[in-house]
Amino acid sequence: MARSCPLLLLALTVLAASRAPAAEWEGALKATSRVLVDTNASREFSDAAATGTAGLDQALSLLGSAEGRATFERSQLVGRYELGVRKYLGFTDEDTLVQAGALEGSLALGTEFGVGLEGHAKDRRGGTRAYSDLGASAFLEYAPDVRLALRVRGGARRFVYRPDATANFGGPELGVLGRYRFNRRHSLSLFGDWGSRGYGTQARARPGTTGTAPDRREDGALTAGATYSYRGPVAVGLTYAYQESSSNSFGETVLRHRLSGNAGVRLPWSVTLLAQASLGFSSYPDGIFLSPEIILVEEDEGQNSLSLKLARPLTETVDVEVSWGLWSTRLPRNGLTYTRQVFGVGFTWRD
């Protein structure tokens, strides 16, 4: 992972400083190991009529996470680190190493307001979608009671796509997140983000136009949506998100709608069933999209997905898991499709 900004870490440490003689510390560790069968390990697009299992392969997956929280009299410091490794037997070019970390420091200003700094970093190596994603921002939070919380943030983001440097971008970002809890079971969240993305490449002119060519490529990225959550005998979450990337480069503008949901329920014999699903629809005002692989970078697995997992505890700290996932998408205009299924069996340990 790329090194975090030293100034950000220093500022977060200062925010966590307190005159309180002691702090309350919390932490958790988690590790998961799975044996996988992947029906499209090479992650290839194919003609809609094509069939076969040319991309079938087996893999070993290791996932680990660590998180901690230090709470002082008027401040708080929260950190999280995740590590993922996937090793294929045949398609070794698709072996991946993913690291992600986040750090947040906040300071209470009275009983309702708070300020803070946050930073995040994600680095993916291996395969055809290697990238680094870095960001840092300052935020102001308003929380008059346990039911309502509102956060406004402003910062900057840097994205580096290693297979193709023309997709690298950076620029300022603004965001807002509001959460309202109706009662202990029902809650609603509204979110919105906007970013100005500057690229190091020349913008592509619209075919058939004359005159001065566009300057450097610049995109405006907008995301807005809502999430509803229910916590009862069944845990349910439903999210709708609208994404718009408007570019001065011909063929790079894309509009996307995405609906996703998750559910969890306890079954007999101490078995837990977890389910996730998503549906996406994308449109391209220019009729084409020059970089379809970037969609997969941001979502990791495509626009439409369905996954199921059954987990049962073996001991107080170890669970056995059986999982299945399906991911698919279809590129407009050319009829190419992306379909992938992954079957897994493994164990999860938590402290």
# chains A, B, ... in the order shown; residues from 1 in each chain; ligands from 1
$ residues_around --residues "Thr201 of chain A" --least-positions-apart "4" --cutoff "9 Å" --atoms "only C-alpha atoms" --output "ChimeraX atom specification"
/A:165-167,215-217
$ closest_atom_pairs --of "segment 23-125 of chain A" --to "segment 129-141 of chain A" --cutoff "12 Å" --atoms "only C-alpha atoms" --output "JSON lines"
{"residue": "A:Ser42", "atom": "CA", "partner": "A:Arg129", "partner_atom": "CA", "distance": 11.5}
{"residue": "A:Arg43", "atom": "CA", "partner": "A:Arg129", "partner_atom": "CA", "distance": 10.4}
{"residue": "A:Asp93", "atom": "CA", "partner": "A:Arg129", "partner_atom": "CA", "distance": 11.0}
{"residue": "A:Glu94", "atom": "CA", "partner": "A:Arg129", "partner_atom": "CA", "distance": 9.3}
{"residue": "A:Asp95", "atom": "CA", "partner": "A:Ala130", "partner_atom": "CA", "distance": 10.8}
{"residue": "A:Thr96", "atom": "CA", "partner": "A:Ala130", "partner_atom": "CA", "distance": 8.6}
{"residue": "A:Leu97", "atom": "CA", "partner": "A:Ala130", "partner_atom": "CA", "distance": 9.3}
{"residue": "A:Val98", "atom": "CA", "partner": "A:Ala130", "partner_atom": "CA", "distance": 9.2}
{"residue": "A:Gln99", "atom": "CA", "partner": "A:Ser132", "partner_atom": "CA", "distance": 9.5}
{"residue": "A:Ala100", "atom": "CA", "partner": "A:Asp133", "partner_atom": "CA", "distance": 9.2}
{"residue": "A:Gly101", "atom": "CA", "partner": "A:Leu134", "partner_atom": "CA", "distance": 9.8}
{"residue": "A:Ala102", "atom": "CA", "partner": "A:Gly135", "partner_atom": "CA", "distance": 9.5}
{"residue": "A:Leu103", "atom": "CA", "partner": "A:Ala136", "partner_atom": "CA", "distance": 9.5}
{"residue": "A:Glu104", "atom": "CA", "partner": "A:Ala138", "partner_atom": "CA", "distance": 9.6}
{"residue": "A:Gly105", "atom": "CA", "partner": "A:Ala138", "partner_atom": "CA", "distance": 9.7}
{"residue": "A:Ser106", "atom": "CA", "partner": "A:Phe139", "partner_atom": "CA", "distance": 8.7}
{"residue": "A:Leu107", "atom": "CA", "partner": "A:Leu140", "partner_atom": "CA", "distance": 9.8}
{"residue": "A:Ala108", "atom": "CA", "partner": "A:Glu141", "partner_atom": "CA", "distance": 9.0}
{"residue": "A:Leu109", "atom": "CA", "partner": "A:Glu141", "partner_atom": "CA", "distance": 9.6}
{"residue": "A:Gly110", "atom": "CA", "partner": "A:Glu141", "partner_atom": "CA", "distance": 11.6}
{"residue": "A:Thr111", "atom": "CA", "partner": "A:Glu141", "partner_atom": "CA", "distance": 11.2}
{"residue": "A:Glu112", "atom": "CA", "partner": "A:Glu141", "partner_atom": "CA", "distance": 8.2}
{"residue": "A:Phe113", "atom": "CA", "partner": "A:Glu141", "partner_atom": "CA", "distance": 5.6}
{"residue": "A:Gly114", "atom": "CA", "partner": "A:Glu141", "partner_atom": "CA", "distance": 5.0}
{"residue": "A:Val115", "atom": "CA", "partner": "A:Leu140", "partner_atom": "CA", "distance": 4.6}
{"residue": "A:Gly116", "atom": "CA", "partner": "A:Phe139", "partner_atom": "CA", "distance": 5.4}
{"residue": "A:Leu117", "atom": "CA", "partner": "A:Ala138", "partner_atom": "CA", "distance": 4.4}
{"residue": "A:Glu118", "atom": "CA", "partner": "A:Ser137", "partner_atom": "CA", "distance": 5.5}
{"residue": "A:Gly119", "atom": "CA", "partner": "A:Ala136", "partner_atom": "CA", "distance": 4.2}
{"residue": "A:His120", "atom": "CA", "partner": "A:Gly135", "partner_atom": "CA", "distance": 5.4}
{"residue": "A:Ala121", "atom": "CA", "partner": "A:Leu134", "partner_atom": "CA", "distance": 4.5}
{"residue": "A:Lys122", "atom": "CA", "partner": "A:Asp133", "partner_atom": "CA", "distance": 5.1}
{"residue": "A:Asp123", "atom": "CA", "partner": "A:Ser132", "partner_atom": "CA", "distance": 4.4}
{"residue": "A:Arg124", "atom": "CA", "partner": "A:Ala130", "partner_atom": "CA", "distance": 5.1}
{"residue": "A:Arg125", "atom": "CA", "partner": "A:Ala130", "partner_atom": "CA", "distance": 4.8}
$ write_last_selection --atoms "C-alpha atoms" --output "PDB file, in the first residue's frame"
ATOM      1  CA  SER A  42      -9.508 -14.986 -16.329  1.00  0.00           C
ATOM      2  CA  ARG A  43     -12.470 -12.545 -16.051  1.00  0.00           C
ATOM      3  CA  ASP A  93      -1.695 -13.958 -13.766  1.00  0.00           C
ATOM      4  CA  GLU A  94      -4.916 -13.364 -11.804  1.00  0.00           C
ATOM      5  CA  ASP A  95      -3.257 -13.785  -8.390  1.00  0.00           C
ATOM      6  CA  THR A  96      -4.094 -10.718  -6.317  1.00  0.00           C
ATOM      7  CA  LEU A  97      -2.918  -8.945  -3.203  1.00  0.00           C
ATOM      8  CA  VAL A  98      -5.263  -6.264  -1.841  1.00  0.00           C
ATOM      9  CA  GLN A  99      -4.612  -3.972   1.113  1.00  0.00           C
ATOM     10  CA  ALA A 100      -6.943  -1.316   2.476  1.00  0.00           C
ATOM     11  CA  GLY A 101      -6.737   0.975   5.483  1.00  0.00           C
ATOM     12  CA  ALA A 102      -8.669   3.833   7.022  1.00  0.00           C
ATOM     13  CA  LEU A 103      -7.929   6.194   9.900  1.00  0.00           C
ATOM     14  CA  GLU A 104     -10.227   8.760  11.481  1.00  0.00           C
ATOM     15  CA  GLY A 105      -9.773  11.193  14.315  1.00  0.00           C
ATOM     16  CA  SER A 106     -12.560  13.363  15.743  1.00  0.00           C
ATOM     17  CA  LEU A 107     -12.896  16.019  18.439  1.00  0.00           C
ATOM     18  CA  ALA A 108     -16.172  16.922  20.158  1.00  0.00           C
ATOM     19  CA  LEU A 109     -17.130  20.617  20.238  1.00  0.00           C
ATOM     20  CA  GLY A 110     -19.716  20.713  22.970  1.00  0.00           C
ATOM     21  CA  THR A 111     -22.530  18.163  23.044  1.00  0.00           C
ATOM     22  CA  GLU A 112     -23.791  18.408  19.449  1.00  0.00           C
ATOM     23  CA  PHE A 113     -20.938  19.307  17.091  1.00  0.00           C
ATOM     24  CA  GLY A 114     -17.668  17.642  16.205  1.00  0.00           C
ATOM     25  CA  VAL A 115     -14.771  18.070  13.781  1.00  0.00           C
ATOM     26  CA  GLY A 116     -12.241  15.629  12.480  1.00  0.00           C
ATOM     27  CA  LEU A 117      -9.945  14.292   9.801  1.00  0.00           C
ATOM     28  CA  GLU A 118     -10.161  11.027   7.914  1.00  0.00           C
ATOM     29  CA  GLY A 119      -7.945   9.219   5.439  1.00  0.00           C
ATOM     30  CA  HIS A 120      -8.210   6.030   3.438  1.00  0.00           C
ATOM     31  CA  ALA A 121      -6.014   4.024   1.094  1.00  0.00           C
ATOM     32  CA  LYS A 122      -6.555   0.926  -1.026  1.00  0.00           C
ATOM     33  CA  ASP A 123      -3.941  -0.844  -3.103  1.00  0.00           C
ATOM     34  CA  ARG A 124      -4.575  -3.787  -5.427  1.00  0.00           C
ATOM     35  CA  ARG A 125      -1.756  -5.694  -7.122  1.00  0.00           C
TER      36      ARG A 125
END
$ atom_distance --atom1 "atom CA of Gly68 of chain A" --atom2 "atom CA of Thr272 of chain A"
25.8 Å
$ select_by_dssp --residues "segment 98-333 of chain A" --states "alpha helix (DSSP H)" --output "ChimeraX atom specification"
/A:293-299
$ residues_around --residues "Thr253 of chain A" --least-positions-apart "5" --cutoff "10 Å" --atoms "only C-alpha atoms" --output "list in words"
Asp219, Gly220, Ala221, Glu244, Ser245, Ser246, Ser247, Asn248, Ser283, Tyr284, Pro285, Asp286, Gly287, Ile288, Phe289 and Leu290 of chain A
$ closest_residue --among "A:Ala235, A:Arg147, A:Gly171, A:Phe250" --to "Gln202 of chain A" --atoms "only C-alpha atoms"
A:Phe250
$ residues_around --residues "Pro268 of chain A" --least-positions-apart "2" --cutoff "12 Å" --atoms "only C-alpha atoms" --output "list in words"
Val265, Arg266, Ser270, Val271, Thr272, Leu273, Leu310, Ala311 and Arg312 of chain A
$ write_last_selection --atoms "C-alpha atoms" --output "PDB file, in the first residue's frame"
ATOM      1  CA  VAL A 265     -31.426 -14.454   9.099  1.00  0.00           C
ATOM      2  CA  ARG A 266     -30.856 -17.122  11.724  1.00  0.00           C
ATOM      3  CA  SER A 270     -27.353 -22.256  14.720  1.00  0.00           C
ATOM      4  CA  VAL A 271     -26.939 -21.640  10.989  1.00  0.00           C
ATOM      5  CA  THR A 272     -26.862 -18.060   9.663  1.00  0.00           C
ATOM      6  CA  LEU A 273     -27.861 -17.252   6.080  1.00  0.00           C
ATOM      7  CA  LEU A 310     -24.196 -20.193   5.123  1.00  0.00           C
ATOM      8  CA  ALA A 311     -22.195 -20.011   8.368  1.00  0.00           C
ATOM      9  CA  ARG A 312     -22.295 -22.185  11.484  1.00  0.00           C
TER      10      ARG A 312
END
$ select_by_dssp --residues "segment 36-222 of chain A" --states "strand (DSSP E or B)" --output "ChimeraX atom specification"
/A:36-38,46-47,57-71,75-88,96-109,113-125,131-142,148-161,169-181,186-202,216-222
$ closest_residue --among "A:Thr209, A:Leu306, A:Gly237, A:Thr315" --to "Ser189 of chain A" --atoms "only C-alpha atoms"
A:Gly237
$ residues_around --residues "Ser229 of chain A" --least-positions-apart "6" --cutoff "6 Å" --atoms "only C-alpha atoms" --output "ChimeraX atom specification"
/A:186-187,236-237
$ write_last_selection --atoms "N, CA and C atoms" --output "PDB file, in the first residue's frame"
ATOM      1  N   HIS A 186     -35.625   0.601  12.685  1.00  0.00           N
ATOM      2  CA  HIS A 186     -35.714   1.237  11.378  1.00  0.00           C
ATOM      3  C   HIS A 186     -34.826   2.484  11.320  1.00  0.00           C
ATOM      4  N   SER A 187     -34.072   2.615  10.224  1.00  0.00           N
ATOM      5  CA  SER A 187     -33.229   3.797  10.038  1.00  0.00           C
ATOM      6  C   SER A 187     -33.121   4.107   8.542  1.00  0.00           C
ATOM      7  N   VAL A 236     -32.156  -6.429   7.277  1.00  0.00           N
ATOM      8  CA  VAL A 236     -32.328  -6.109   5.867  1.00  0.00           C
ATOM      9  C   VAL A 236     -31.755  -4.726   5.588  1.00  0.00           C
ATOM     10  N   GLY A 237     -31.094  -4.576   4.460  1.00  0.00           N
ATOM     11  CA  GLY A 237     -30.603  -3.281   3.994  1.00  0.00           C
ATOM     12  C   GLY A 237     -30.888  -3.129   2.518  1.00  0.00           C
TER      13      GLY A 237
END
$ closest_residue --among "A:Arg181, A:Lys309, A:Arg197, A:Arg231" --to "Gln276 of chain A" --atoms "only C-alpha atoms"
A:Lys309
$ atom_distance --atom1 "atom CA of Gly27 of chain A" --atom2 "atom CA of Pro313 of chain A"
21.1 Å
$ closest_residue --among "A:Phe72, A:Glu67, A:Ala31, A:Leu62" --to "Val85 of chain A" --atoms "only C-alpha atoms"
A:Leu62
$ decode --residues "segment 80-115 of chain A" --atoms "N, CA, C and O atoms" --output "PDB file, in the first residue's frame"
ATOM      1  N   ARG A  80      -8.693   1.040  10.871  1.00  0.00           N
ATOM      2  CA  ARG A  80      -9.032  -0.273  10.338  1.00  0.00           C
ATOM      3  C   ARG A  80      -8.052  -0.635   9.230  1.00  0.00           C
ATOM      4  O   ARG A  80      -7.666   0.222   8.433  1.00  0.00           O
ATOM      5  N   TYR A  81      -7.656  -1.917   9.209  1.00  0.00           N
ATOM      6  CA  TYR A  81      -6.757  -2.409   8.173  1.00  0.00           C
ATOM      7  C   TYR A  81      -7.274  -3.757   7.671  1.00  0.00           C
ATOM      8  O   TYR A  81      -7.700  -4.610   8.471  1.00  0.00           O
ATOM      9  N   GLU A  82      -7.258  -3.956   6.339  1.00  0.00           N
ATOM     10  CA  GLU A  82      -7.722  -5.202   5.738  1.00  0.00           C
ATOM     11  C   GLU A  82      -6.684  -5.700   4.741  1.00  0.00           C
ATOM     12  O   GLU A  82      -6.061  -4.904   4.019  1.00  0.00           O
ATOM     13  N   LEU A  83      -6.536  -7.024   4.682  1.00  0.00           N
ATOM     14  CA  LEU A  83      -5.591  -7.657   3.776  1.00  0.00           C
ATOM     15  C   LEU A  83      -6.266  -8.847   3.116  1.00  0.00           C
ATOM     16  O   LEU A  83      -6.906  -9.660   3.793  1.00  0.00           O
ATOM     17  N   GLY A  84      -6.150  -8.937   1.793  1.00  0.00           N
ATOM     18  CA  GLY A  84      -6.726 -10.055   1.062  1.00  0.00           C
ATOM     19  C   GLY A  84      -5.738 -10.622   0.065  1.00  0.00           C
ATOM     20  O   GLY A  84      -5.062  -9.878  -0.660  1.00  0.00           O
ATOM     21  N   VAL A  85      -5.642 -11.950   0.014  1.00  0.00           N
ATOM     22  CA  VAL A  85      -4.751 -12.645  -0.912  1.00  0.00           C
ATOM     23  C   VAL A  85      -5.549 -13.732  -1.617  1.00  0.00           C
ATOM     24  O   VAL A  85      -6.307 -14.465  -0.981  1.00  0.00           O
ATOM     25  N   ARG A  86      -5.386 -13.813  -2.943  1.00  0.00           N
ATOM     26  CA  ARG A  86      -6.016 -14.886  -3.707  1.00  0.00           C
ATOM     27  C   ARG A  86      -4.984 -15.496  -4.640  1.00  0.00           C
ATOM     28  O   ARG A  86      -4.361 -14.798  -5.440  1.00  0.00           O
ATOM     29  N   LYS A  87      -4.815 -16.829  -4.530  1.00  0.00           N
ATOM     30  CA  LYS A  87      -3.812 -17.554  -5.301  1.00  0.00           C
ATOM     31  C   LYS A  87      -4.497 -18.615  -6.157  1.00  0.00           C
ATOM     32  O   LYS A  87      -5.154 -19.513  -5.621  1.00  0.00           O
ATOM     33  N   TYR A  88      -4.349 -18.497  -7.499  1.00  0.00           N
ATOM     34  CA  TYR A  88      -4.934 -19.456  -8.423  1.00  0.00           C
ATOM     35  C   TYR A  88      -3.927 -20.549  -8.774  1.00  0.00           C
ATOM     36  O   TYR A  88      -2.709 -20.317  -8.801  1.00  0.00           O
ATOM     37  N   LEU A  89      -4.453 -21.739  -9.083  1.00  0.00           N
ATOM     38  CA  LEU A  89      -3.585 -22.851  -9.463  1.00  0.00           C
ATOM     39  C   LEU A  89      -3.142 -22.746 -10.918  1.00  0.00           C
ATOM     40  O   LEU A  89      -1.993 -23.023 -11.241  1.00  0.00           O
ATOM     41  N   GLY A  90      -4.067 -22.357 -11.810  1.00  0.00           N
ATOM     42  CA  GLY A  90      -3.754 -22.294 -13.230  1.00  0.00           C
ATOM     43  C   GLY A  90      -3.542 -20.889 -13.745  1.00  0.00           C
ATOM     44  O   GLY A  90      -2.506 -20.588 -14.347  1.00  0.00           O
ATOM     45  N   PHE A  91      -4.496 -19.993 -13.498  1.00  0.00           N
ATOM     46  CA  PHE A  91      -4.402 -18.615 -13.988  1.00  0.00           C
ATOM     47  C   PHE A  91      -3.616 -17.759 -12.994  1.00  0.00           C
ATOM     48  O   PHE A  91      -4.166 -16.912 -12.301  1.00  0.00           O
ATOM     49  N   THR A  92      -2.315 -18.008 -12.941  1.00  0.00           N
ATOM     50  CA  THR A  92      -1.494 -17.307 -11.946  1.00  0.00           C
ATOM     51  C   THR A  92      -1.403 -15.809 -12.230  1.00  0.00           C
ATOM     52  O   THR A  92      -1.066 -15.036 -11.326  1.00  0.00           O
ATOM     53  N   ASP A  93      -1.699 -15.393 -13.468  1.00  0.00           N
ATOM     54  CA  ASP A  93      -1.695 -13.958 -13.766  1.00  0.00           C
ATOM     55  C   ASP A  93      -2.803 -13.218 -13.028  1.00  0.00           C
ATOM     56  O   ASP A  93      -2.762 -11.988 -12.919  1.00  0.00           O
ATOM     57  N   GLU A  94      -3.808 -13.971 -12.531  1.00  0.00           N
ATOM     58  CA  GLU A  94      -4.916 -13.364 -11.804  1.00  0.00           C
ATOM     59  C   GLU A  94      -4.722 -13.397 -10.290  1.00  0.00           C
ATOM     60  O   GLU A  94      -5.627 -13.029  -9.537  1.00  0.00           O
ATOM     61  N   ASP A  95      -3.554 -13.844  -9.827  1.00  0.00           N
ATOM     62  CA  ASP A  95      -3.257 -13.785  -8.390  1.00  0.00           C
ATOM     63  C   ASP A  95      -3.315 -12.330  -7.927  1.00  0.00           C
ATOM     64  O   ASP A  95      -2.810 -11.431  -8.608  1.00  0.00           O
ATOM     65  N   THR A  96      -3.916 -12.097  -6.781  1.00  0.00           N
ATOM     66  CA  THR A  96      -4.094 -10.718  -6.317  1.00  0.00           C
ATOM     67  C   THR A  96      -3.682 -10.564  -4.859  1.00  0.00           C
ATOM     68  O   THR A  96      -3.787 -11.492  -4.053  1.00  0.00           O
ATOM     69  N   LEU A  97      -3.217  -9.370  -4.564  1.00  0.00           N
ATOM     70  CA  LEU A  97      -2.918  -8.945  -3.203  1.00  0.00           C
ATOM     71  C   LEU A  97      -3.577  -7.583  -3.013  1.00  0.00           C
ATOM     72  O   LEU A  97      -3.258  -6.628  -3.724  1.00  0.00           O
ATOM     73  N   VAL A  98      -4.519  -7.497  -2.074  1.00  0.00           N
ATOM     74  CA  VAL A  98      -5.263  -6.264  -1.841  1.00  0.00           C
ATOM     75  C   VAL A  98      -5.060  -5.825  -0.399  1.00  0.00           C
ATOM     76  O   VAL A  98      -5.213  -6.631   0.539  1.00  0.00           O
ATOM     77  N   GLN A  99      -4.728  -4.561  -0.210  1.00  0.00           N
ATOM     78  CA  GLN A  99      -4.612  -3.972   1.113  1.00  0.00           C
ATOM     79  C   GLN A  99      -5.465  -2.705   1.170  1.00  0.00           C
ATOM     80  O   GLN A  99      -5.530  -1.956   0.202  1.00  0.00           O
ATOM     81  N   ALA A 100      -6.119  -2.504   2.293  1.00  0.00           N
ATOM     82  CA  ALA A 100      -6.943  -1.316   2.476  1.00  0.00           C
ATOM     83  C   ALA A 100      -6.859  -0.871   3.931  1.00  0.00           C
ATOM     84  O   ALA A 100      -6.823  -1.699   4.851  1.00  0.00           O
ATOM     85  N   GLY A 101      -6.801   0.431   4.136  1.00  0.00           N
ATOM     86  CA  GLY A 101      -6.737   0.975   5.483  1.00  0.00           C
ATOM     87  C   GLY A 101      -7.479   2.284   5.584  1.00  0.00           C
ATOM     88  O   GLY A 101      -7.647   3.003   4.593  1.00  0.00           O
ATOM     89  N   ALA A 102      -7.963   2.576   6.773  1.00  0.00           N
ATOM     90  CA  ALA A 102      -8.669   3.833   7.022  1.00  0.00           C
ATOM     91  C   ALA A 102      -8.351   4.288   8.438  1.00  0.00           C
ATOM     92  O   ALA A 102      -8.200   3.476   9.356  1.00  0.00           O
ATOM     93  N   LEU A 103      -8.238   5.599   8.608  1.00  0.00           N
ATOM     94  CA  LEU A 103      -7.929   6.194   9.900  1.00  0.00           C
ATOM     95  C   LEU A 103      -8.753   7.457  10.064  1.00  0.00           C
ATOM     96  O   LEU A 103      -8.845   8.273   9.148  1.00  0.00           O
ATOM     97  N   GLU A 104      -9.374   7.600  11.231  1.00  0.00           N
ATOM     98  CA  GLU A 104     -10.227   8.760  11.481  1.00  0.00           C
ATOM     99  C   GLU A 104     -10.013   9.265  12.904  1.00  0.00           C
ATOM    100  O   GLU A 104      -9.984   8.483  13.861  1.00  0.00           O
ATOM    101  N   GLY A 105      -9.867  10.561  13.013  1.00  0.00           N
ATOM    102  CA  GLY A 105      -9.773  11.193  14.315  1.00  0.00           C
ATOM    103  C   GLY A 105     -10.811  12.290  14.438  1.00  0.00           C
ATOM    104  O   GLY A 105     -11.009  13.071  13.490  1.00  0.00           O
ATOM    105  N   SER A 106     -11.507  12.369  15.564  1.00  0.00           N
ATOM    106  CA  SER A 106     -12.560  13.363  15.743  1.00  0.00           C
ATOM    107  C   SER A 106     -12.455  14.011  17.122  1.00  0.00           C
ATOM    108  O   SER A 106     -11.958  13.404  18.079  1.00  0.00           O
ATOM    109  N   LEU A 107     -12.934  15.242  17.201  1.00  0.00           N
ATOM    110  CA  LEU A 107     -12.896  16.019  18.439  1.00  0.00           C
ATOM    111  C   LEU A 107     -14.270  16.625  18.667  1.00  0.00           C
ATOM    112  O   LEU A 107     -14.832  17.279  17.776  1.00  0.00           O
ATOM    113  N   ALA A 108     -14.843  16.400  19.834  1.00  0.00           N
ATOM    114  CA  ALA A 108     -16.172  16.922  20.158  1.00  0.00           C
ATOM    115  C   ALA A 108     -16.090  18.406  20.501  1.00  0.00           C
ATOM    116  O   ALA A 108     -15.226  18.828  21.274  1.00  0.00           O
ATOM    117  N   LEU A 109     -17.002  19.199  19.926  1.00  0.00           N
ATOM    118  CA  LEU A 109     -17.130  20.617  20.238  1.00  0.00           C
ATOM    119  C   LEU A 109     -18.467  20.811  20.946  1.00  0.00           C
ATOM    120  O   LEU A 109     -19.493  21.046  20.319  1.00  0.00           O
ATOM    121  N   GLY A 110     -18.465  20.671  22.237  1.00  0.00           N
ATOM    122  CA  GLY A 110     -19.716  20.713  22.970  1.00  0.00           C
ATOM    123  C   GLY A 110     -20.414  19.370  22.913  1.00  0.00           C
ATOM    124  O   GLY A 110     -19.784  18.316  22.763  1.00  0.00           O
ATOM    125  N   THR A 111     -21.752  19.396  22.998  1.00  0.00           N
ATOM    126  CA  THR A 111     -22.530  18.163  23.044  1.00  0.00           C
ATOM    127  C   THR A 111     -23.153  17.783  21.705  1.00  0.00           C
ATOM    128  O   THR A 111     -23.674  16.677  21.565  1.00  0.00           O
ATOM    129  N   GLU A 112     -23.098  18.690  20.704  1.00  0.00           N
ATOM    130  CA  GLU A 112     -23.791  18.408  19.449  1.00  0.00           C
ATOM    131  C   GLU A 112     -22.880  18.419  18.228  1.00  0.00           C
ATOM    132  O   GLU A 112     -23.177  17.758  17.237  1.00  0.00           O
ATOM    133  N   PHE A 113     -21.791  19.154  18.264  1.00  0.00           N
ATOM    134  CA  PHE A 113     -20.938  19.307  17.091  1.00  0.00           C
ATOM    135  C   PHE A 113     -19.595  18.608  17.299  1.00  0.00           C
ATOM    136  O   PHE A 113     -19.129  18.429  18.430  1.00  0.00           O
ATOM    137  N   GLY A 114     -18.982  18.247  16.179  1.00  0.00           N
ATOM    138  CA  GLY A 114     -17.668  17.642  16.205  1.00  0.00           C
ATOM    139  C   GLY A 114     -16.935  17.912  14.912  1.00  0.00           C
ATOM    140  O   GLY A 114     -17.541  18.156  13.866  1.00  0.00           O
ATOM    141  N   VAL A 115     -15.604  17.895  14.964  1.00  0.00           N
ATOM    142  CA  VAL A 115     -14.771  18.070  13.781  1.00  0.00           C
ATOM    143  C   VAL A 115     -13.764  16.939  13.745  1.00  0.00           C
ATOM    144  O   VAL A 115     -13.487  16.293  14.765  1.00  0.00           O
TER     145      VAL A 115
END
